[in-house]
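As stored in target.cif (mmCIF, C-alpha atoms):
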```
data_query
#
loop_
_atom_site.label_atom_id
_atom_site.label_comp_id
_atom_site.auth_asym_id
_atom_site.auth_seq_id
_atom_site.Cartn_x
_atom_site.Cartn_y
_atom_site.Cartn_z
CA CYS A 1 92.89 -73.78 64.37
CA LEU A 2 91.85 -70.29 65.55
CA GLU A 3 88.29 -71.23 66.41
CA GLY A 4 87.62 -70.97 70.14
CA CYS A 5 91.03 -69.46 70.94
CA ASP A 6 91.36 -67.24 74.01
CA LEU A 7 95.02 -66.44 73.34
CA VAL A 8 96.82 -66.23 69.99
CA ILE A 9 100.61 -65.87 69.87
CA ILE A 10 102.05 -64.46 66.64
CA PRO A 11 105.82 -64.95 66.25
CA ALA A 12 105.62 -65.54 62.49
CA GLY A 13 108.07 -63.92 60.11
CA VAL A 14 111.77 -63.84 59.25
CA PRO A 15 114.55 -63.19 61.78
CA ARG A 16 117.07 -60.39 61.58
CA LYS A 17 120.44 -61.04 59.98
CA PRO A 18 123.68 -59.04 60.35
CA GLY A 19 123.28 -55.50 59.04
CA MET A 20 119.48 -55.65 59.10
CA THR A 21 117.38 -53.38 61.25
CA ARG A 22 113.90 -54.29 62.44
CA ASP A 23 112.57 -51.94 59.76
CA ASP A 24 114.31 -54.03 57.09
CA LEU A 25 112.01 -56.84 58.13
CA PHE A 26 108.95 -54.70 57.63
CA ASN A 27 107.80 -55.58 54.13
CA ILE A 28 107.95 -59.34 54.76
CA ASN A 29 106.69 -59.51 58.32
CA ALA A 30 104.06 -56.79 58.03
CA GLY A 31 102.23 -58.74 55.33
CA ILE A 32 102.34 -61.96 57.36
CA VAL A 33 101.02 -60.25 60.50
CA LYS A 34 98.29 -58.43 58.60
CA GLY A 35 97.03 -61.70 57.10
CA LEU A 36 96.99 -63.44 60.48
CA ALA A 37 95.26 -60.48 62.14
CA GLU A 38 92.54 -60.56 59.48
CA LYS A 39 91.85 -64.23 60.29
CA CYS A 40 91.87 -63.58 64.05
CA ALA A 41 89.46 -60.66 63.64
CA GLU A 42 87.15 -62.95 61.67
CA ILE A 43 87.37 -66.18 63.69
CA CYS A 44 88.36 -65.28 67.28
CA PRO A 45 87.83 -61.51 67.64
CA ASN A 46 87.73 -61.66 71.44
CA ALA A 47 91.04 -63.49 71.84
CA ILE A 48 94.08 -61.80 73.34
CA LEU A 49 96.83 -61.39 70.75
CA ASN A 50 100.52 -61.59 71.70
CA ILE A 51 102.43 -59.87 68.90
CA ILE A 52 106.07 -60.96 68.73
CA SER A 53 106.75 -60.46 65.00
CA ASN A 54 109.09 -57.53 64.43
CA PRO A 55 109.01 -54.63 64.02
CA VAL A 56 106.60 -54.70 66.99
CA ASN A 57 106.43 -50.89 66.97
CA SER A 58 104.66 -51.22 63.60
CA THR A 59 103.01 -54.65 63.70
CA VAL A 60 100.85 -53.83 66.73
CA PRO A 61 99.36 -50.78 64.96
CA ILE A 62 98.79 -52.97 61.88
CA CYS A 63 96.72 -55.40 63.95
CA ASN A 64 94.69 -52.60 65.51
CA GLU A 65 93.89 -51.10 62.11
CA VAL A 66 92.86 -54.52 60.78
CA TYR A 67 90.47 -54.99 63.71
CA LYS A 68 89.01 -51.51 63.26
CA ALA A 69 88.45 -52.17 59.55
CA ALA A 70 86.69 -55.43 60.47
CA GLY A 71 84.37 -53.57 62.83
CA VAL A 72 85.75 -55.21 65.97
CA THR A 73 85.45 -52.72 68.82
CA GLY A 74 87.44 -52.55 72.04
CA ALA A 75 90.22 -54.76 70.72
CA SER A 76 93.13 -52.43 71.50
CA ARG A 77 93.42 -53.71 75.09
CA ARG A 78 93.69 -57.27 73.76
CA ILE A 79 96.34 -56.59 71.10
CA LEU A 80 99.57 -56.69 73.05
CA GLY A 81 103.09 -56.24 71.74
CA VAL A 82 105.49 -58.54 73.60
CA THR A 83 108.42 -56.50 74.93
CA THR A 84 109.24 -58.98 77.69
CA LEU A 85 112.66 -59.78 76.22
CA ASP A 86 113.73 -56.20 76.99
CA ILE A 87 112.73 -56.70 80.62
CA VAL A 88 114.46 -60.09 80.83
CA ARG A 89 117.67 -58.60 79.42
CA SER A 90 117.48 -55.58 81.72
CA ASN A 91 116.94 -57.76 84.77
CA THR A 92 119.82 -60.05 83.79
CA PHE A 93 122.32 -57.27 83.04
CA LEU A 94 121.45 -55.36 86.21
CA ALA A 95 121.62 -58.49 88.37
CA GLU A 96 125.10 -59.18 87.00
CA GLU A 97 126.12 -55.55 87.48
CA CYS A 98 124.88 -55.32 91.07
CA GLY A 99 125.69 -58.85 92.21
CA VAL A 100 122.12 -59.73 93.15
CA ASP A 101 119.80 -62.66 92.37
CA VAL A 102 118.12 -62.09 88.99
CA ASP A 103 114.84 -63.42 90.40
CA GLU A 104 114.81 -60.49 92.83
CA VAL A 105 115.36 -57.83 90.12
CA ASP A 106 112.60 -55.93 88.34
CA VAL A 107 113.43 -53.19 85.83
CA PRO A 108 110.48 -51.53 84.04
CA VAL A 109 111.14 -50.91 80.34
CA ILE A 110 109.01 -48.38 78.51
CA GLY A 111 108.66 -46.87 75.01
CA GLY A 112 108.85 -49.43 72.25
CA HIS A 113 110.76 -52.50 71.11
CA ALA A 114 113.59 -51.33 68.87
CA GLY A 115 116.78 -49.35 69.37
CA ILE A 116 116.41 -46.10 71.28
CA THR A 117 112.67 -46.68 71.73
CA ILE A 118 113.66 -49.32 74.32
CA LEU A 119 114.05 -47.31 77.52
CA PRO A 120 114.87 -49.16 80.75
CA LEU A 121 114.01 -47.08 83.81
CA LEU A 122 117.00 -47.99 85.92
CA SER A 123 116.00 -45.38 88.51
CA GLN A 124 112.89 -47.49 89.22
CA MET A 125 114.76 -50.79 89.50
CA ARG A 126 113.90 -53.03 92.41
CA PRO A 127 115.83 -53.60 94.61
CA LYS A 128 116.93 -49.97 94.80
CA VAL A 129 120.61 -49.56 93.91
CA SER A 130 122.98 -46.67 93.34
CA LEU A 131 124.77 -46.64 89.99
CA ASP A 132 127.29 -44.23 88.53
CA PRO A 133 125.63 -41.99 85.86
CA ASN A 134 128.15 -43.11 83.23
CA ARG A 135 127.41 -46.74 84.00
CA ILE A 136 123.67 -46.09 83.75
CA GLU A 137 124.17 -44.73 80.25
CA GLU A 138 126.38 -47.68 79.25
CA LEU A 139 123.88 -50.23 80.55
CA THR A 140 120.99 -48.44 78.85
CA VAL A 141 122.78 -48.55 75.49
CA ARG A 142 123.66 -52.22 75.97
CA ILE A 143 120.01 -53.08 76.69
CA GLN A 144 118.89 -51.11 73.63
CA ASN A 145 121.43 -52.86 71.39
CA ALA A 146 121.20 -56.34 72.93
CA GLY A 147 119.29 -57.73 69.95
CA THR A 148 121.98 -56.54 67.55
CA GLU A 149 124.64 -58.00 69.87
CA VAL A 150 123.02 -61.43 69.49
CA VAL A 151 122.56 -61.10 65.72
CA GLU A 152 126.23 -60.21 65.25
CA ALA A 153 127.40 -62.97 67.60
CA LYS A 154 125.44 -65.54 65.58
CA ALA A 155 127.08 -64.25 62.39
CA GLY A 156 124.15 -64.84 60.07
CA ALA A 157 122.64 -67.83 61.85
CA GLY A 158 119.64 -65.85 63.05
CA SER A 159 118.57 -63.66 65.93
CA ALA A 160 117.66 -64.31 69.57
CA THR A 161 115.94 -67.69 69.91
CA LEU A 162 116.06 -69.26 73.39
CA SER A 163 115.83 -65.93 75.20
CA MET A 164 112.92 -64.86 73.00
CA ALA A 165 111.20 -68.19 73.55
CA TYR A 166 111.56 -67.76 77.30
CA ALA A 167 110.23 -64.19 77.16
CA ALA A 168 107.30 -65.23 74.95
CA ALA A 169 106.43 -68.11 77.26
CA ARG A 170 106.59 -65.86 80.32
CA PHE A 171 104.27 -63.28 78.78
CA ALA A 172 101.86 -65.91 77.45
CA GLU A 173 101.69 -67.54 80.88
CA SER A 174 100.97 -64.11 82.41
CA CYS A 175 98.12 -63.63 79.93
CA LEU A 176 96.70 -67.07 80.76
CA ARG A 177 96.86 -66.30 84.47
CA GLY A 178 95.07 -63.03 83.75
CA LEU A 179 92.38 -64.88 81.83
CA GLN A 180 91.84 -67.02 84.94
CA GLY A 181 91.23 -63.88 86.98
CA ASP A 182 94.66 -63.36 88.54
CA LYS A 183 96.08 -59.84 88.78
CA VAL A 184 99.31 -60.03 86.79
CA TYR A 185 101.79 -57.26 86.07
CA GLU A 186 104.00 -57.08 82.99
CA CYS A 187 105.25 -54.47 80.53
CA ALA A 188 103.63 -54.47 77.08
CA TYR A 189 103.37 -52.31 73.97
CA LEU A 190 99.81 -51.34 73.07
CA GLU A 191 97.51 -48.52 72.03
CA SER A 192 97.93 -45.93 74.75
CA ASN A 193 97.69 -42.19 75.40
CA LEU A 194 100.27 -42.34 78.17
CA VAL A 195 102.77 -40.06 76.42
CA ASP A 196 101.86 -37.03 74.36
CA GLY A 197 102.50 -37.35 70.63
CA VAL A 198 102.23 -41.14 70.28
CA GLY A 199 99.18 -43.40 70.19
CA TYR A 200 101.12 -46.53 71.16
CA PHE A 201 103.54 -46.99 74.03
CA ALA A 202 105.12 -49.75 76.11
CA SER A 203 104.65 -49.46 79.85
CA LYS A 204 103.75 -51.46 82.91
CA VAL A 205 100.24 -52.90 82.70
CA GLN A 206 97.90 -55.11 84.68
CA LEU A 207 96.71 -58.16 82.76
CA GLY A 208 93.32 -59.76 83.36
CA PRO A 209 90.34 -61.44 81.66
CA ASN A 210 90.03 -58.57 79.12
CA GLY A 211 93.71 -58.41 78.25
CA CYS A 212 95.13 -55.16 79.56
CA GLU A 213 92.99 -54.08 82.51
CA GLU A 214 95.06 -51.05 83.50
CA ILE A 215 97.91 -48.99 82.07
CA PHE A 216 100.20 -47.51 84.71
CA GLU A 217 101.79 -44.08 84.58
CA VAL A 218 105.49 -43.84 83.78
CA GLY A 219 106.16 -42.35 87.21
CA GLU A 220 109.08 -40.23 88.33
CA VAL A 221 112.09 -40.36 86.02
CA THR A 222 115.58 -38.86 85.98
CA GLU A 223 116.73 -36.16 83.56
CA PHE A 224 118.58 -38.82 81.57
CA GLU A 225 115.44 -40.95 81.31
CA GLN A 226 113.28 -37.97 80.35
CA ALA A 227 115.74 -37.15 77.58
CA GLY A 228 115.36 -40.76 76.45
CA ILE A 229 111.57 -40.40 76.33
CA ASP A 230 111.88 -37.19 74.33
CA ALA A 231 114.24 -38.88 71.87
CA LEU A 232 112.15 -42.01 71.35
CA VAL A 233 108.86 -40.24 70.58
CA PRO A 234 109.79 -39.21 66.99
CA GLU A 235 111.07 -42.74 66.28
CA LEU A 236 107.85 -44.29 67.57
CA GLN A 237 105.76 -41.82 65.58
CA LYS A 238 107.42 -42.94 62.33
CA SER A 239 107.02 -46.65 63.11
CA ILE A 240 103.39 -46.28 64.13
CA ALA A 241 102.55 -44.26 61.00
CA LYS A 242 104.29 -46.85 58.84
CA GLY A 243 102.20 -49.65 60.33
CA GLU A 244 98.92 -47.77 60.08
CA GLU A 245 99.56 -46.84 56.46
CA PHE A 246 100.46 -50.41 55.55
CA ALA A 247 97.29 -51.77 57.14
CA LYS A 248 95.13 -49.48 55.02
CA LYS A 249 96.61 -50.63 51.70
#
```
As structure tokens, the full file:
Amino acid sequence: CLEGCDLVIIPAGVPRKPGMTRDDLFNINAGIVKGLAEKCAEICPNAILNIISNPVNSTVPICNEVYKAAGVTGASRRILGVTTLDIVRSNTFLAEECGVDVDEVDVPVIGGHAGITILPLLSQMRPKVSLDPNRIEELTVRIQNAGTEVVEAKAGAGSATLSMAYAAARFAESCLRGLQGDKVYECAYLESNLVDGVGYFASKVQLGPNGCEEIFEVGEVTEFEQAGIDALVPELQKSIAKGEEFAKK
């Protein structure tokens, strides 16, 4: 079923349950993702991969290491961690907060896809709004913990489903439009030297026929946001190292 694929979406794995972190999922989901990546590297090495299986901060590095071991070059721009749910949540929460149409809101979210590695840049939100510093912090924390909020609300019945399906469909459609030659802009987690100290980072990118065509700079941030970047780097470093080590077993 992989033969001739231009786009492969990998959501496989187990969902989070109450009390579980994304790292608790690691041993199960990492093995599933590694096996699928090995088949993709063999059968459709030029396809764009959309990695949804958590922990994305580790599963994307796993896929890259698998491709390197298989001798597939230049794959890092095609192996994309889907962080779109963080953007969808940010846009929704900020639209509610500011009383504006959600379709008009765009909040870039950088870093990674778990806990404090999720960093919404509210200072770069469009349309431009003025928010109280305390409210900015509260909204940032809510966005970072939104996945846990859903897990606890479902009380053991799983994690985010409809919202994740929407986010996955949006990102997949963006990739398909890019494959057709359109210039499409999304945030994604991929191999990147954007921030010192980490080899993978989520940021705004341009999608195209080759996957990620361009990675955009973080841009001007506030002191609060810079502190968030400084705090997330060590967390990302650990997750990336964990994925790379697993892939080499």
**Report entry** region 129-145 of chain A surroundings by all atoms listed in the file, 12 Å radius, close-in-sequence under 6 positions cut, as a PyMOL selection string
**Finding:** chain A and resi 21-22+83+85-100+105-107+109-123+151-152+222-225+227-228+232
Requested in this report: Name the closest residue to Pro209 (chain A) among the candidates A:Ala75, A:Ile43, A:Cys175, A:Val150; distances are taken between atoms, counting only C-alpha atoms.
Outcome: A:Cys175
Centre and edges of the region 38-50 of chain A box, axis-aligned, 5 Å extra per side, as AutoDock Vina command-line options:
```
--center_x 93.8 --center_y -63.4 --center_z 66.4 --size_x 23.4 --size_y 15.6 --size_z 23.9
```
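Here the question is which of A:Pro108, A:Pro18, A:Gly71, A:Gly4 gets nearest to Val218 (chain A) using all atoms listed in the file, and that residue is A:Pro108.
Straight-line separation from CA of Ser53 (chain A) to CA of Pro11 (chain A): 4.8 Å.
Counting only C-alpha atoms, Leu36 (chain A) has the following residues at most 12 Å away, ignoring those fewer than 3 positions along the same chain: Cys1, Leu2, Val8, Ile9, Ile10, Pro11, Ala12, Gly13, Asn29, Ala30, Gly31, Ile32, Val33, Lys39, Cys40, Ala41, Glu42, Ile43, Cys44, Pro45, Leu49, Asn50, Ile51, Ser53, Thr59, Ile62, Cys63, Val66 and Tyr67 of chain A.
Of the listed residues (A:Ile79, A:Ala153, A:Ala70, A:Val198), A:Val198 comes nearest to Ser239 (chain A); the distances count only C-alpha atoms.
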Query - the PyMOL selection byres ((chain A and resi 60) around 9) resolved against shown file, as a PyMOL selection string - result: chain A and resi 33+51+55-59+61-65+79-81+189-191+200+240+243
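Reported to one decimal place, the separation of CA of Leu7 (chain A) from CA of Leu179 (chain A) is 9.0 Å.
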Once N, CA and C atoms are restored for region 90-123 of chain A, what would the output be as a CSV table (one decimal), in the coordinates of the input?
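Result saved to part07.csv:
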```csv
chain,number,residue,atom,x,y,z
A,90,SER,N,117.2,-56.6,80.7
A,90,SER,CA,117.5,-55.6,81.7
A,90,SER,C,117.7,-56.2,83.1
A,91,ASN,N,116.8,-57.1,83.5
A,91,ASN,CA,116.9,-57.8,84.8
A,91,ASN,C,118.2,-58.5,84.9
A,92,THR,N,118.6,-59.2,83.8
A,92,THR,CA,119.8,-60.0,83.8
A,92,THR,C,121.1,-59.2,83.9
A,93,PHE,N,121.1,-58.1,83.0
A,93,PHE,CA,122.3,-57.3,83.0
A,93,PHE,C,122.5,-56.6,84.4
A,94,LEU,N,121.4,-56.1,84.9
A,94,LEU,CA,121.4,-55.4,86.2
A,94,LEU,C,121.8,-56.3,87.4
A,95,ALA,N,121.3,-57.5,87.3
A,95,ALA,CA,121.6,-58.5,88.4
A,95,ALA,C,123.1,-58.8,88.4
A,96,GLU,N,123.7,-58.9,87.1
A,96,GLU,CA,125.1,-59.2,87.0
A,96,GLU,C,125.9,-58.0,87.5
A,97,GLU,N,125.4,-56.8,87.1
A,97,GLU,CA,126.1,-55.6,87.5
A,97,GLU,C,126.1,-55.3,89.0
A,98,CYS,N,125.0,-55.6,89.6
A,98,CYS,CA,124.9,-55.3,91.1
A,98,CYS,C,125.2,-56.5,92.0
A,99,GLY,N,125.4,-57.7,91.4
A,99,GLY,CA,125.7,-58.8,92.2
A,99,GLY,C,124.5,-59.3,93.0
A,100,VAL,N,123.3,-59.3,92.4
A,100,VAL,CA,122.1,-59.7,93.2
A,100,VAL,C,121.4,-60.8,92.4
A,101,ASP,N,120.5,-61.6,93.0
A,101,ASP,CA,119.8,-62.7,92.4
A,101,ASP,C,118.9,-62.1,91.3
A,102,VAL,N,118.9,-62.6,90.1
A,102,VAL,CA,118.1,-62.1,89.0
A,102,VAL,C,116.6,-62.2,89.3
A,103,ASP,N,116.3,-63.2,90.1
A,103,ASP,CA,114.8,-63.4,90.4
A,103,ASP,C,114.3,-62.3,91.3
A,104,GLU,N,115.2,-61.6,91.9
A,104,GLU,CA,114.8,-60.5,92.8
A,104,GLU,C,114.8,-59.1,92.1
A,105,VAL,N,115.2,-59.1,90.8
A,105,VAL,CA,115.4,-57.8,90.1
A,105,VAL,C,114.1,-57.6,89.2
A,106,ASP,N,113.7,-56.3,89.2
A,106,ASP,CA,112.6,-55.9,88.3
A,106,ASP,C,112.9,-54.5,87.8
A,107,VAL,N,113.2,-54.5,86.5
A,107,VAL,CA,113.4,-53.2,85.8
A,107,VAL,C,112.3,-52.9,84.8
A,108,PRO,N,111.5,-51.9,85.0
A,108,PRO,CA,110.5,-51.5,84.0
A,108,PRO,C,111.1,-51.0,82.8
A,109,VAL,N,110.6,-51.4,81.6
A,109,VAL,CA,111.1,-50.9,80.3
A,109,VAL,C,110.0,-50.3,79.6
A,110,ILE,N,110.1,-49.1,79.2
A,110,ILE,CA,109.0,-48.4,78.5
A,110,ILE,C,109.4,-48.0,77.1
A,111,GLY,N,108.4,-47.4,76.3
A,111,GLY,CA,108.7,-46.9,75.0
A,111,GLY,C,108.2,-47.8,73.9
A,112,GLY,N,109.2,-48.5,73.4
A,112,GLY,CA,108.8,-49.4,72.2
A,112,GLY,C,109.7,-50.7,72.3
A,113,HIS,N,110.0,-51.2,71.1
A,113,HIS,CA,110.8,-52.5,71.1
A,113,HIS,C,111.8,-52.5,70.0
A,114,ALA,N,112.5,-51.4,69.9
A,114,ALA,CA,113.6,-51.3,68.9
A,114,ALA,C,114.5,-50.2,69.2
A,115,GLY,N,115.8,-50.4,69.2
A,115,GLY,CA,116.8,-49.4,69.4
A,115,GLY,C,116.5,-48.4,70.5
A,116,ILE,N,116.6,-47.1,70.2
A,116,ILE,CA,116.4,-46.1,71.3
A,116,ILE,C,115.0,-46.0,71.8
A,117,THR,N,114.0,-46.7,71.2
A,117,THR,CA,112.7,-46.7,71.7
A,117,THR,C,112.6,-47.6,72.9
A,118,ILE,N,113.6,-48.5,73.1
A,118,ILE,CA,113.7,-49.3,74.3
A,118,ILE,C,114.3,-48.5,75.4
A,119,LEU,N,113.5,-48.2,76.5
A,119,LEU,CA,114.0,-47.3,77.5
A,119,LEU,C,113.9,-48.0,78.9
A,120,PRO,N,114.9,-48.6,79.4
A,120,PRO,CA,114.9,-49.2,80.8
A,120,PRO,C,114.9,-48.0,81.8
A,121,LEU,N,114.0,-48.1,82.7
A,121,LEU,CA,114.0,-47.1,83.8
A,121,LEU,C,114.8,-47.6,85.0
A,122,LEU,N,116.1,-47.4,84.9
A,122,LEU,CA,117.0,-48.0,85.9
A,122,LEU,C,116.8,-47.3,87.3
A,123,SER,N,116.3,-46.1,87.2
A,123,SER,CA,116.0,-45.4,88.5
A,123,SER,C,114.9,-46.0,89.3
```
